[in-house]
Amino acid sequence: MIMTDIRWFKYSSPQTFYPLAGTLAPWFSAAAALLAIAGLYISFFMAPTDFQQGEAYRIIFIHVPAAWMSMFLYLVMAVWAAIGLAWNTRLSSMMACAIAPTGAIMTFIALWTGALWGKPMWGAWWVWDARLTSELILLFLYLGFMFLHAAIDDPRRADRAAAVIAIVGAINVPIIYFSVKWWNTLHQGASVSLMRSPSMAATMLLGMLVMALAFWMYSIAVILMRVRCVIIERERHADWIKAPGALE
Amino acid sequence: MSAPGLLDSVVAVVARDLRIALRRRADVMTSLIFFVIVVSLFPLGVGADPVLLRTLGPGVVWVAALLACMLALARLFANDYADGTLEQMVLAPQPLALLVLAKTAAHWLTTGLPLVIVAPLLGVQFDLDADALLILLASLLLGTPTLSLIGGIGAALTLGLRGGGALLALLVLPLYIPVLIFGAGAVEASAAALGAGAHLSLLAALLLGSLVFAPWATALALRIAIE
Amino acid sequence: MSAPGLLDSVVAVVARDLRIALRRRADVMTSLIFFVIVVSLFPLGVGADPVLLRTLGPGVVWVAALLACMLALARLFANDYADGTLEQMVLAPQPLALLVLAKTAAHWLTTGLPLVIVAPLLGVQFDLDADALLILLASLLLGTPTLSLIGGIGAALTLGLRGGGALLALLVLPLYIPVLIFGAGAVEASAAALGAGAHLSLLAALLLGSLVFAPWATALALRIAIE
Amino acid sequence: MNWGSLSAFIEMGGYGGYVWGSFGVTAVCFVLEAAAVAARRRSLLRERRELD
Amino acid sequence: MLEVSKLECARGERLLFRDLNFVLEAGTLLEVRGANGSGKTSLLRMLCGFLQPAAGEISWRGKTVNAGNEEYRSELAYLGHHNALKDELTPLENLRYALRLSGIGATDTRLQEALEWAGLRERRHQSCATLSQGQRRRVSLARIKLSPSRRFWILDEPFTALDVAAVERTRDLVAAHLAGGGMAALTTHQEVPIPAPATQRVELSA
Amino acid sequence: MLEVSKLECARGERLLFRDLNFVLEAGTLLEVRGANGSGKTSLLRMLCGFLQPAAGEISWRGKTVNAGNEEYRSELAYLGHHNALKDELTPLENLRYALRLSGIGATDTRLQEALEWAGLRERRHQSCATLSQGQRRRVSLARIKLSPSRRFWILDEPFTALDVAAVERTRDLVAAHLAGGGMAALTTHQEVPIPAPATQRVELSA
Ligand code: HEM
Ligand SMILES: Nc1ncnc2c1ncn2[C@@H]1O[C@H](COP(=O)(O)OP(=O)(O)OP(=O)(O)O)[C@@H](O)[C@H]1O
Ligand SMILES: Nc1ncnc2c1ncn2[C@@H]1O[C@H](COP(=O)(O)OP(=O)(O)OP(=O)(O)O)[C@@H](O)[C@H]1O
Ligand SMILES: [Mg+2]
Ligand SMILES: [Mg+2]
């Protein structure tokens with residue numbers, strides 16, 4: 001997204017971004033599919049069994065990428081929302097809107113896979129540790145953004161209101177993380193530590209990275225597709241969109 | 001008034017309220033999420049010790065369900081009162097208590113039932129076992145309609161009083177206490193292998209009692225409110 | 001606008017809100033009584049084991065205080081919005097963030113402060129000792145204004161949205177968590193003889209941060225709301 | 001190659017439920033999300049056609 | 001048909017009016033007049049049965065008007081200061097539910113016609129929250145229009161927020177109802193003469 | 001003084017008006033006319049700065065009207081559809097706080113006079129919740145009356161709910177303000193001719 005010349009402005013209008021997103025999305029989808037296949041191969045057929053956790057540790061190959069994406073997407077969403085609020089650019093607010101559901105899904109996946117991992121490892125689906133708790137709260141922040149947006153009928157007003165909560169949330173996420181961490185360590189020691197042999201660390205890291213890339217590509221693809229829908233909904237009455245063939 | 005006309009009015013009230021809820025889906029969801037958040041706040045307040053949390057579980061879930069129901073109550077008549085539809089309801093030739101029952105039913109379907117459905121998930125966060133979860137579900141299923149019915153009286157009484165929310169809480173919470181005690185008690189009794197049957201039948205009795213009594217009292221309160 | 005005019009406006013806002021609260025004394029009382037009831041409900045839900053209750057005490061008091069503050073938030077701007085006084089406030093030549101601060105101050109004086117004052121009484125019910133009570137008082141004194149300030153943002157954002165109560169809770173409760181953790185943590189730390197100093201200074205830092213940031217965000221949200 | 005047989009692969013050393021529960025739900029989420037976006041687009045296009 | 005005798009109304013510690021007597025028969029328009037705060041709204045709300053008279057009686061077909069009188073309520077249509085619209089619903093839905101609630105059957109075509117009459121055909125699928133003041137009033141009036149089977153219309157300032165054309169249409173609506181043997185009680189501060197078989201005026205002066 | 005150029009207003013997906021241009025000088029009355037839903041309220045709210053124009057500009061003494069323009073706000077008095085009264089307070093208290101909030105000083109005698117003007121002397125200690133529709137409107141108008149120092153009055157349907165005498169008094173109030181070099185923007189559906197040094201009409205048609 002870093003373009004220093006005037007084209008930056010050009011693509012910041014929904015009208016020009018719409019076809020661009022349409023061209024890019026298939027490429028990102030294809031990349032996501034290829035990387036996912038590679039990542040799954042590494043996860044299941046290259047990475048050896050963990051001598052402590054058995055096969056259960058393979059969950060890491062989706063858990064960690066999902067957790068990363070969940071946090072990163074929130075940040076991206078907040079930045080887009082803030083830009084929309086500050087400069088009243090329509091496209092940035094639409095981007096924020098399009099990111100939120102994907103971010104929420106990533107958060108859900110991180111929670112779900114974490115819970116499924118936690119049961120065999122810790123004997124409980126859920127413990128109140130810093131990372132888990134702040135991930136749960138992140139989900140609430142995403143939902144807050146989405147529901148606030150949905151509760152306001154006028155989309156422009158909804159954009160601006162939701163932007164406020166996105167920004168406030170972004171400031172709070174680190175505060176929440178550290179407060180929960182501190183709170184937790186006052187009560188009990190960290191209960192998670194993944195033991196792994198150095199030899200497998202390399203394949204594992206590779207698998208995680210490939211899967212993370214696949215998640216990246218998937219997110220970009222689905223967000224581009226969604227932003228196209230948002231553009232149609234919002235610009236329904238604009239002249240350019242009424243032109244024949246504009247929606248291709 | 002003929003019986004079909006009567007039924008049609010009741011159906012119209014339920015259908016309208018469900019449609020409004022559908023249109024404001026976020027509303028329904030948020031009362032649910034409030035429930036989830038409050039349940040999650042408690043471990044943050046009291047610490048993360050799993051053994052402690054297991055004993056707290058049923059109580060916390062019940063207290064949170066009760067608060068969520070109570071919060072949603074403010075919506076039961078307040079909007080109707082503010083926009084004048086309540087006056088039209090009072091003017092309808094049908095018995096007001098029946099229309100009140102219809103509204104309460106719609107309210108429970110959109111606020112109570114979702115709570116009941118997610119409660120087991122929250123129970124898992126507190127490490128409750130399958131049996132306890134089942135009893136929790138049953139107790140909520142019997143208890144939450146009572147909360148909506150009783151709450152209706154309070155909601156009607158506080159109509160039009162500014163800042164009625166807190167006053168509502170004050171009126172309604174004492175009436176909720178028996179439900180809370182039997183509800184949380186049922187789960188604890190089953191955990192202690194004492195059998196939850198007695199608690200559950202008491203909950204059922206409360207439900208029956210409030211089904212008969214509450215709509216009538218609510219209707220009376222509504223008439224006073226619009227005076 | 002001259003400085004005296006500015007001060008006069010701020011004083012007028014605070015004085016008006018206090019007078020309204022005085023005229024609706026029941027309101028102030030009810031948010032307080034809600035607090036008391038929730039704290040007292042809790043032992044009913046989880047059983048009356050004194051050792052258990054002592055560990056729970058600070059957490060429960062803090063969670064209840066947080067819920068009481070949150071419930072009262074709905075009143076912060078809703079009436080002003082409905083009757084049009086909010087528009088007049090936005091039109092006033094004074095900086096809106098300052099007027100927001102004044103309103104928040106009045107709100108805290110009528111809802112937060114009473115909680116702080118009765119909290120030690122409730123702590124006694126949970127068998128907390130004198131030291132712990134003192135820390136509880138201090139933590140609430142530092143924490144509740146932060147709750148009002150942060151809550152103001154949520155209250156402003158949900159203005160005019162039907163069913164705003166639950167949405168407000170969804171927006172605000174996640175933001176309240178650090179306050180809850182440091183607040184309840186302070187009391188627990190002092191009970192564990194670890195010293196509550198660190199927790200209290202973090203609470204103070206949160207208060208300062210929100211004093212600077214929250215009124216500004218709230219003002220922004222209010223402008224959006226009246227659009 | 002880690003797996004002697006298909007059943008071993010499915011069993012995942014006794015953790016099959018957890019591992020496949022994770023990967024499965026993740027896959028379902030992605031598929032549903034993509035499908036939802038596609039459905040949204042289809043209905044928008046249909047609405048558009050009806051308008052013309 | 002409607003008999004009001006020795007009616008007295010007190011709000012707070014203030015006596016608004018006393019010893020009010022009148023009888024309304026089919027085709028009669030009751031025009032309630034008076035300065036701001038003279039008790040017009042209070043009188044109409046008493047006629048609806050919302051407000052208890054401090055003294056005196058209101059009876060319909062010989063039976064006292066009170067919470068138990070369901071027969072009276074089934075002959076009544078009321079338009080208050082509030083429009084009785086759900087912001088979340090569209091004008092069409094609002095009308096449909098309001099009529100079903102009060103037990104008046106109406107086909108979709110009739111609903112559409114009423115909205116057409118109110119000049120809201122284009123907005124029938126737009127949520128009521130986004131309508132202007134006057135448009136909201138018109139939706140409410142469409143509900144009244146669809147209640148010709150209700151004998152007695154009680155209209156509290158029906159013309160507020162309406163533009164000139166809408167005022168005229170509303171006037172004609174009420175006139176037609178009266179001509180058809182209906183009855184209406186009405187307050188307004190605007191000078192809108194309504195042709196009626198018989199008109200009864202009540203002047204309130206607080 | 002107030003310059004509006006190429007103003008465009010869109011609500012939801014609907015374009016209410018576009019390319020609206022006018023200039024208001026001292027002593028000018030802006031009469032906004034139009035059917036229900038044509039965008040009168042929206043226009044006035046834009047003039048207040050509540051609503052963002054979809055396009056075009058509003059400027060006061062050469063400076064754009066927006067959230068940062070505090071100077072403009074200190075020359076403005078606004079009466080909206082809502083009366084901006086606190087139900088819990090009496091008319092006297094309501095006036096006092098409203099004026100202090102907007103930085104207008106007024107002695108108690110002047111407040112009393114304004115209430116007298118509004119015909120509410122007897123009710124000045126009664127809570128506003130118990131006032132009738134028209135009486136509440138009058139309290140709001142008393143606030144406007146006490147803001148002669150505000151150059152520009154924006155009045156959205158000031159005459160609703162008022163009885164005939166009150167309408168006349170309000171008309172005279174606006175006329176006097178204009179004669180004294182003030183400015184006013186006003187909407188109404190009633191025919192109330194207001195004498196003014198200069199009148200500018202905007203007809204909106206959605
Ligand atoms: C519901 C439960 C869980 C949630 C919400 C959760 C959340 C997270 C989050 C947010 C991260 C990213 C943190 C970062 O990159 O700094 C993460 C990473 C990770 N999680 Fe979990 N987790 C859960 C359960 C588990 C379990 C049960 C295990 C293993 C026994 C686990 C192992 C890991 C590992 C190894 C990482 C990568 C750490 C790193 O790269 O620094 N998680 N998890
Ligand atoms: N609790 C109360 N205490 C004292 N006076 C009250 C109380 N409630 C209402 N009133 C008075 O009763 C009158 C209410 O009259 P009502 O609302 O019927 O007036 P109205 O004729 O409809 O006026 P408008 O033309 O302004 O609508 C007002 O004068 C009001 O001040
Ligand atoms: N979100 C929205 N979507 C579509 N249309 C909207 C929306 N919000 C407002 N409108 C339309 O904008 C117009 C609002 O106009 P406004 O309230 O300014 O009317 P007005 O001229 O003041 O009317 P009145 O005389 O009835 O007070 C109405 O036609 C309304 O239907
Ligand atoms: Mg009246
Ligand atoms: Mg208007």
# chains A, B, ... in the order shown; residues from 1 in each chain; ligands from 1

call {"tool": "residues_around", "arguments": {"residues": "range 57-68 of chain C", "least_positions_apart": "3", "cutoff": "6 Å", "atoms": "only C-alpha atoms", "output": "PyMOL selection string"}}
result
(chain B and resi 45-46) or (chain C and resi 35+53-54+71+126+184)

call {"tool": "residues_around", "arguments": {"residues": "Leu131 in chain E", "least_positions_apart": "3", "cutoff": "10 Å", "atoms": "only C-alpha atoms", "output": "mmCIF file with N, CA, C and O atoms, in the first residue's frame"}}
result
data_model
loop_
_atom_site.group_PDB
_atom_site.id
_atom_site.type_symbol
_atom_site.label_atom_id
_atom_site.label_comp_id
_atom_site.auth_asym_id
_atom_site.auth_seq_id
_atom_site.Cartn_x
_atom_site.Cartn_y
_atom_site.Cartn_z
ATOM 1 N N ASP E 87 -39.822 2.982 15.429
ATOM 2 C CA ASP E 87 -38.741 3.483 14.583
ATOM 3 C C ASP E 87 -38.117 2.404 13.709
ATOM 4 O O ASP E 87 -37.650 2.678 12.612
ATOM 5 N N THR E 90 -40.908 -0.225 9.021
ATOM 6 C CA THR E 90 -41.253 0.675 7.926
ATOM 7 C C THR E 90 -42.691 1.141 8.124
ATOM 8 O O THR E 90 -43.434 0.556 8.908
ATOM 9 N N PRO E 91 -43.092 2.187 7.427
ATOM 10 C CA PRO E 91 -44.479 2.643 7.536
ATOM 11 C C PRO E 91 -45.474 1.529 7.275
ATOM 12 O O PRO E 91 -46.454 1.380 8.006
ATOM 13 N N LEU E 120 -46.701 8.813 0.961
ATOM 14 C CA LEU E 120 -45.495 8.133 1.434
ATOM 15 C C LEU E 120 -45.216 6.857 0.656
ATOM 16 O O LEU E 120 -44.515 5.974 1.129
ATOM 17 N N ARG E 123 -41.705 5.939 0.330
ATOM 18 C CA ARG E 123 -40.963 5.688 1.573
ATOM 19 C C ARG E 123 -41.510 4.495 2.330
ATOM 20 O O ARG E 123 -41.210 4.314 3.484
ATOM 21 N N GLN E 126 -38.862 2.420 3.887
ATOM 22 C CA GLN E 126 -37.772 3.102 4.604
ATOM 23 C C GLN E 126 -38.138 3.071 6.095
ATOM 24 O O GLN E 126 -39.299 3.226 6.445
ATOM 25 N N SER E 127 -37.154 2.871 6.972
ATOM 26 C CA SER E 127 -37.528 2.750 8.378
ATOM 27 C C SER E 127 -38.057 4.084 8.905
ATOM 28 O O SER E 127 -37.613 5.162 8.494
ATOM 29 N N CYS E 128 -39.030 4.015 9.810
ATOM 30 C CA CYS E 128 -39.688 5.226 10.268
ATOM 31 C C CYS E 128 -38.731 6.190 10.981
ATOM 32 O O CYS E 128 -38.994 7.382 11.061
ATOM 33 N N GLY E 134 -43.143 15.648 9.922
ATOM 34 C CA GLY E 134 -44.442 15.662 9.260
ATOM 35 C C GLY E 134 -44.774 14.318 8.632
ATOM 36 O O GLY E 134 -45.921 13.878 8.655
ATOM 37 N N GLN E 135 -43.741 13.664 8.105
ATOM 38 C CA GLN E 135 -43.982 12.356 7.493
ATOM 39 C C GLN E 135 -44.438 11.349 8.530
ATOM 40 O O GLN E 135 -45.307 10.522 8.275
ATOM 41 N N ARG E 136 -43.872 11.440 9.719
ATOM 42 C CA ARG E 136 -44.265 10.516 10.782
ATOM 43 C C ARG E 136 -45.716 10.749 11.169
ATOM 44 O O ARG E 136 -46.483 9.820 11.383
ATOM 45 N N ARG E 137 -46.083 12.027 11.244
ATOM 46 C CA ARG E 137 -47.470 12.325 11.573
ATOM 47 C C ARG E 137 -48.416 11.730 10.527
ATOM 48 O O ARG E 137 -49.478 11.228 10.844
ATOM 49 N N VAL E 139 -48.010 9.050 8.720
ATOM 50 C CA VAL E 139 -48.186 7.603 8.871
ATOM 51 C C VAL E 139 -49.274 7.339 9.901
ATOM 52 O O VAL E 139 -50.169 6.509 9.709
ATOM 53 N N ASN F 36 -43.565 18.523 3.848
ATOM 54 C CA ASN F 36 -43.006 17.625 4.842
ATOM 55 C C ASN F 36 -41.910 16.773 4.217
ATOM 56 O O ASN F 36 -42.094 16.191 3.153
ATOM 57 N N GLY F 37 -40.781 16.729 4.899
ATOM 58 C CA GLY F 37 -39.711 15.863 4.426
ATOM 59 C C GLY F 37 -38.871 16.459 3.323
ATOM 60 O O GLY F 37 -38.069 15.777 2.707
#

call {"tool": "atom_distance", "arguments": {"atom1": "CA of Lys86 in chain E", "atom2": "atom 19 (O, counted along the ligand's line) of ligand 2"}}
result
25.5 Å

call {"tool": "residues_near_ligand", "arguments": {"ligand": "ligand 4", "cutoff": "6 Å", "atoms": "only C-alpha atoms and all ligand atoms", "output": "PyMOL selection string"}}
result
(chain E and resi 40-41) or (chain F and resi 132-133)

call {"tool": "write_last_selection", "arguments": {"atoms": "C-alpha atoms", "output": "PDB file, in the first residue's frame"}}
result
ATOM      1  CA  LYS E  40     -57.482  19.965  26.143  1.00  0.00           C
ATOM      2  CA  THR E  41     -55.127  17.016  26.108  1.00  0.00           C
TER       3      THR E  41
ATOM      4  CA  SER F 132     -48.603  21.217  28.630  1.00  0.00           C
ATOM      5  CA  GLN F 133     -47.069  20.984  25.148  1.00  0.00           C
TER       6      GLN F 133
END

call {"tool": "residues_around", "arguments": {"residues": "Met211 in chain A", "least_positions_apart": "4", "cutoff": "8 Å", "atoms": "only C-alpha atoms", "output": "tab-separated table (two decimals) with C-alpha atoms, in the first residue's frame"}}
result
chain	number	residue	atom	x	y	z
A	35	LEU	CA	0.57	-21.93	0.72
A	36	ALA	CA	-2.11	-23.78	2.68
A	39	GLY	CA	1.76	-25.62	5.07
A	40	LEU	CA	-0.52	-28.58	5.71
A	61	PHE	CA	0.20	-24.68	12.96
A	62	ILE	CA	-3.13	-22.97	12.89
A	65	PRO	CA	-1.09	-17.90	12.76
A	207	GLY	CA	5.47	-24.80	9.06
A	215	PHE	CA	-3.57	-17.03	6.60

call {"tool": "residues_around", "arguments": {"residues": "range 150-158 of chain A", "least_positions_apart": "6", "cutoff": "7 Å", "atoms": "only C-alpha atoms", "output": "PyMOL selection string"}}
result
(chain B and resi 24+26) or (chain C and resi 161+224) or (chain F and resi 12)

call {"tool": "write_last_selection", "arguments": {"atoms": "N, CA and C atoms", "output": "compact mmCIF listing (two decimals), in the first residue's frame"}}
result
# COMPACT_ATOMS: atom_id res chain seq x y z
N ARG B 24 -33.02 -5.43 14.74
CA ARG B 24 -31.93 -4.95 15.58
C ARG B 24 -31.22 -6.15 16.15
N ALA B 26 -28.31 -6.83 16.51
CA ALA B 26 -27.21 -6.48 17.40
C ALA B 26 -27.71 -6.41 18.85
N LEU C 161 -29.39 5.04 20.16
CA LEU C 161 -29.56 3.73 19.57
C LEU C 161 -30.50 2.95 20.47
N ILE C 224 -20.80 13.24 16.85
CA ILE C 224 -21.27 12.25 15.89
C ILE C 224 -22.73 11.89 16.21
N GLY F 12 -29.33 9.55 4.31
CA GLY F 12 -29.39 8.18 3.85
C GLY F 12 -28.88 8.17 2.41

call {"tool": "atom_distance", "arguments": {"atom1": "CA of Val167 in chain E", "atom2": "CA of Thr187 in chain E"}}
result
13.6 Å
